[in-house]
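Reading through the structure tokens given below for one structure.
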2 protein chains.
Amino acid sequence: MERGDVVPLLGEVFREHGFEGASLAAITARTGLGKGSLYHFFPGGKEEMAAAVLAEIDGWFEAQVFAPLREGADAPSAIRDMLAKVDAYFRSGRRVCLVGVFALGEVRDRFSDQVEGYFAAWRDALAGALRRAGRSEADAAEQAEEAVLAIQGALTLARALRDPEVFTRTLERLGRRLLA
Amino acid sequence: MERGDVVPLLGEVFREHGFEGASLAAITARTGLGKGSLYHFFPGGKEEMAAAVLAEIDGWFEAQVFAPLREGADAPSAIRDMLAKVDAYFRSGRRVCLVGVFALGEVRDRFSDQVEGYFAAWRDALAGALRRAGRSEADAAEQAEEAVLAIQGALTLARALRDPEVFTRTLERLGRRLLA
DNA sequence: TTTGTTACGTACCAATCAGTACAATTATGG
DNA sequence: CCATAATTGTACTGATTGGTACGTAACAAA
């Protein structure tokens with residue numbers, strides 16, 4: 001088992017338990033790794049583990065979502081791709097957003113840059129694509145903010161109501177609105 | 001100090017730390033009460049404290065928001081009032097939604113009824129008001145779901161970006177859209 | 001003033017927490 | 001094969017966890 005293999009597992013633990021709730025016991029259970037290995041890969045303990053997870057998430061979204069949004073020649077289809085990737089990533093509403101979970105807790109302050117950077121990058125990349133798709137500056141900014149926030153809200157509501165359809169419906173509505 | 005005075009303070013602790021993160025130490029610090037008093041008021045421990053907080057929140061929203069939405073003679077002004085109350089309650093985006101925080105964690109399952117009930121009541125009350133304001137059944141349901149989810153998402157994004165304006169803007173947009 | 005109840009602080013409990021130390025194992029490369 | 005380094009399990013640490021026990025205040029009604 002390598003460090004790179006552990007990070008996604010850590011992600012699941014933090015996603016489900018939050019930072020404080022993710023006990024070393026839960027982490028060893030999920031990863032199958034003892035403390036020895038864990039502290040060998042992450043000498044900084046939980047803090048370093050969480051940072052690694054955030055970095056991996058950021059890297060994934062950067063490569064799969066933000067960059068295509070920024071650089072895609074065809075803006076509308078880049079937006080369509082974003083929605084598809086987001087649907088897959090969040091398992092159609094059955095999975096929660098780790099960065100969102102962190103944002104709500106007081107851990108937020110410990111990972112300020114990463115939390116802020118993730119959402120800002122998303123919003124700005126989407127606004128850029130909307131701009132290139134012909135929207136005004138103001139309209140693009142408003143629609144982008146609204147879309148990012150709707151995705152977060154839909155994940156929360158879907159989990160609260162145990163109804164993943166809330167998320168699916170939201171993505172569809174977003175598709176209609178952003179590509180109109 | 002009475003039990004009723006303690007509940008709002010408990011609410012703040014759970015809001016800021018989440019359920020797992022709200023240690024008895026943090027609770028005694030915030031309330032100024034020793035364990036003796038705490039367990040005198042809440043023999044069931046943290047679980048009972050959290051339940052009391054959720055009940056209080058639900059009671060507040062029921063009286064201040066849901067009931068007016070359901071029974072208000074003038075539906076549009078009931079909706080306007082809802083937005084004003086929500087803005088005040090969440091301190092214009094500087095305060096986070098405890099029920100939303102619970103919904104994202106695994107505590108969700110322990111307080112299933114209360115979490116689910118809160119959001120379902122809100123959505124349904126709003127949908128009813130929209131219906132009375134002249135919308136079709138389908139349109140009312142969609143707009144209500146979208147509004148509730150946007151409020152949650154806006155709280156998350158506002159906190160993530162440290163920008164309460166996100167929340168304020170969202171409420172304004174909601175006002176325009178719901179009252180159009 | 002006496003009596004009974006409600007409120008509260010403190011000392012304690014076993015369990016668990018994050019983290020450390022270190023020996024044993026497993027790969028790896030020469 | 002051998003040596004060196006990268007992994008991993010286990011036993012431990014002191015601190016903190018939620019919760020209990022119990023003694024003591026404050027209070028009311030009589």
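Within each chain, counting starts at residue 1; across the structure tokens, chains are named A, B, ... in the order shown, with ligands numbered 1 upward in that order.
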
Quick one: residues within 12 Å of B:Asp5, only C-alpha atoms (C1' of nucleotides), excluding same-chain residues fewer than 6 positions away - as JSON, numbers by chain? {"B": [11, 31, 32, 33, 38, 41, 52, 53, 56]}

Stretch 12-27 of chain C: which residues within 12 Å, counting only C-alpha atoms (C1' of nucleotides), same-chain residues fewer than 2 positions away excluded, as JSON, numbers by chain? {"A": [1, 20, 21, 22, 23, 24, 25, 26, 35, 36, 38, 39, 40, 42, 43, 44, 45, 46, 47], "C": [10, 29], "D": [4, 5, 6, 7, 8, 9, 10, 11, 12, 13, 14, 15, 16, 17, 18, 19, 20, 21, 22]}

Hey, can you check how far atom CA of B:Ala141 sits from atom CA of B:Met82?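 So the two atoms, atom CA of B:Ala141 and atom CA of B:Met82, lie 16.7 Å apart.
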
Find the residues of chain A in contact range of chain B, meaning any atom within 6 Å when counting only C-alpha atoms, and list them as a list in words.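 Every residue of chain A that passes the 6 Å test is in Glu20, Gly21, Ala103, Glu116, Leu149, Ala150, Gln152, Gly153, Ala154, Ala160 and Leu161 of chain A.
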
Based on only C-alpha atoms (C1' of nucleotides), which of the residues in chain C come within 7 Å of chain B? I want them as a ChimeraX atom specification. /C:7-9

Keeping only all heavy atoms, write those residues as a PDB file, in the first residue's frame.
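Result written to again.pdb:
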ATOM      1  P    DA C   7     -34.385  23.306  38.905  1.00  0.00           P
ATOM      2  OP1  DA C   7     -34.869  24.446  38.103  1.00  0.00           O
ATOM      3  OP2  DA C   7     -34.326  21.959  38.306  1.00  0.00           O
ATOM      4  O5'  DA C   7     -32.938  23.670  39.435  1.00  0.00           O
ATOM      5  C5'  DA C   7     -32.630  25.032  39.743  1.00  0.00           C
ATOM      6  C4'  DA C   7     -31.275  25.091  40.400  1.00  0.00           C
ATOM      7  O4'  DA C   7     -31.146  23.990  41.333  1.00  0.00           O
ATOM      8  C3'  DA C   7     -30.086  24.963  39.432  1.00  0.00           C
ATOM      9  O3'  DA C   7     -29.305  26.142  39.570  1.00  0.00           O
ATOM     10  C2'  DA C   7     -29.340  23.721  39.895  1.00  0.00           C
ATOM     11  C1'  DA C   7     -29.792  23.574  41.341  1.00  0.00           C
ATOM     12  N9   DA C   7     -29.769  22.213  41.865  1.00  0.00           N
ATOM     13  C8   DA C   7     -30.572  21.167  41.479  1.00  0.00           C
ATOM     14  N7   DA C   7     -30.354  20.058  42.156  1.00  0.00           N
ATOM     15  C5   DA C   7     -29.347  20.393  43.045  1.00  0.00           C
ATOM     16  C6   DA C   7     -28.670  19.666  44.040  1.00  0.00           C
ATOM     17  N6   DA C   7     -28.915  18.372  44.307  1.00  0.00           N
ATOM     18  N1   DA C   7     -27.711  20.311  44.752  1.00  0.00           N
ATOM     19  C2   DA C   7     -27.479  21.616  44.477  1.00  0.00           C
ATOM     20  N3   DA C   7     -28.041  22.399  43.569  1.00  0.00           N
ATOM     21  C4   DA C   7     -28.983  21.725  42.887  1.00  0.00           C
ATOM     22  P    DC C   8     -28.329  26.491  38.398  1.00  0.00           P
ATOM     23  OP1  DC C   8     -28.058  27.937  38.492  1.00  0.00           O
ATOM     24  OP2  DC C   8     -28.846  25.903  37.154  1.00  0.00           O
ATOM     25  O5'  DC C   8     -27.001  25.746  38.847  1.00  0.00           O
ATOM     26  C5'  DC C   8     -26.281  26.283  39.968  1.00  0.00           C
ATOM     27  C4'  DC C   8     -25.334  25.261  40.518  1.00  0.00           C
ATOM     28  O4'  DC C   8     -26.008  24.031  40.834  1.00  0.00           O
ATOM     29  C3'  DC C   8     -24.191  24.829  39.602  1.00  0.00           C
ATOM     30  O3'  DC C   8     -23.061  25.597  39.939  1.00  0.00           O
ATOM     31  C2'  DC C   8     -24.018  23.333  39.917  1.00  0.00           C
ATOM     32  C1'  DC C   8     -24.962  23.124  41.084  1.00  0.00           C
ATOM     33  N1   DC C   8     -25.498  21.736  41.205  1.00  0.00           N
ATOM     34  C2   DC C   8     -24.967  20.905  42.171  1.00  0.00           C
ATOM     35  O2   DC C   8     -24.073  21.307  42.915  1.00  0.00           O
ATOM     36  N3   DC C   8     -25.446  19.634  42.290  1.00  0.00           N
ATOM     37  C4   DC C   8     -26.418  19.219  41.483  1.00  0.00           C
ATOM     38  N4   DC C   8     -26.857  17.962  41.645  1.00  0.00           N
ATOM     39  C5   DC C   8     -26.988  20.060  40.489  1.00  0.00           C
ATOM     40  C6   DC C   8     -26.491  21.300  40.380  1.00  0.00           C
ATOM     41  P    DG C   9     -21.813  25.563  38.981  1.00  0.00           P
ATOM     42  OP1  DG C   9     -21.490  26.962  38.674  1.00  0.00           O
ATOM     43  OP2  DG C   9     -22.069  24.589  37.899  1.00  0.00           O
ATOM     44  O5'  DG C   9     -20.661  24.955  39.910  1.00  0.00           O
ATOM     45  C5'  DG C   9     -20.682  25.225  41.310  1.00  0.00           C
ATOM     46  C4'  DG C   9     -19.701  24.310  42.028  1.00  0.00           C
ATOM     47  O4'  DG C   9     -20.355  23.050  42.344  1.00  0.00           O
ATOM     48  C3'  DG C   9     -18.454  23.952  41.226  1.00  0.00           C
ATOM     49  O3'  DG C   9     -17.328  24.015  42.096  1.00  0.00           O
ATOM     50  C2'  DG C   9     -18.718  22.526  40.728  1.00  0.00           C
ATOM     51  C1'  DG C   9     -19.630  21.959  41.804  1.00  0.00           C
ATOM     52  N9   DG C   9     -20.635  21.019  41.292  1.00  0.00           N
ATOM     53  C8   DG C   9     -21.525  21.235  40.268  1.00  0.00           C
ATOM     54  N7   DG C   9     -22.325  20.222  40.049  1.00  0.00           N
ATOM     55  C5   DG C   9     -21.932  19.269  40.988  1.00  0.00           C
ATOM     56  C6   DG C   9     -22.440  17.969  41.230  1.00  0.00           C
ATOM     57  O6   DG C   9     -23.354  17.377  40.651  1.00  0.00           O
ATOM     58  N1   DG C   9     -21.747  17.335  42.272  1.00  0.00           N
ATOM     59  C2   DG C   9     -20.717  17.888  42.986  1.00  0.00           C
ATOM     60  N2   DG C   9     -20.190  17.134  43.945  1.00  0.00           N
ATOM     61  N3   DG C   9     -20.241  19.112  42.774  1.00  0.00           N
ATOM     62  C4   DG C   9     -20.890  19.748  41.762  1.00  0.00           C
TER      63       DG C   9
END

Could you pull out the helix (DSSP H, G or I) residues of stretch 40-85 of chain A from DSSP and send them as a ChimeraX atom specification? /A:40-41,46-71,75-85

Got a sec: who's within 12 Å of C:DG30, counting only C-alpha atoms (C1' of nucleotides), leaving out chain neighbours fewer than 2 positions off, as a ChimeraX atom specification? /C:28 /D:1-4

File of the preceding selection, C-alpha atoms (C1' of nucleotides), as a short mmCIF file (atom, residue, chain, number, x, y, z; two decimals), in the first residue's frame:
data_model
loop_
_atom_site.label_atom_id
_atom_site.label_comp_id
_atom_site.auth_asym_id
_atom_site.auth_seq_id
_atom_site.Cartn_x
_atom_site.Cartn_y
_atom_site.Cartn_z
"C1'" DT C 28 14.59 -3.15 -3.09
"C1'" DC D 1 23.01 -13.23 -0.93
"C1'" DC D 2 23.37 -9.22 1.46
"C1'" DA D 3 22.63 -4.65 3.03
"C1'" DT D 4 19.86 -0.81 3.22
#
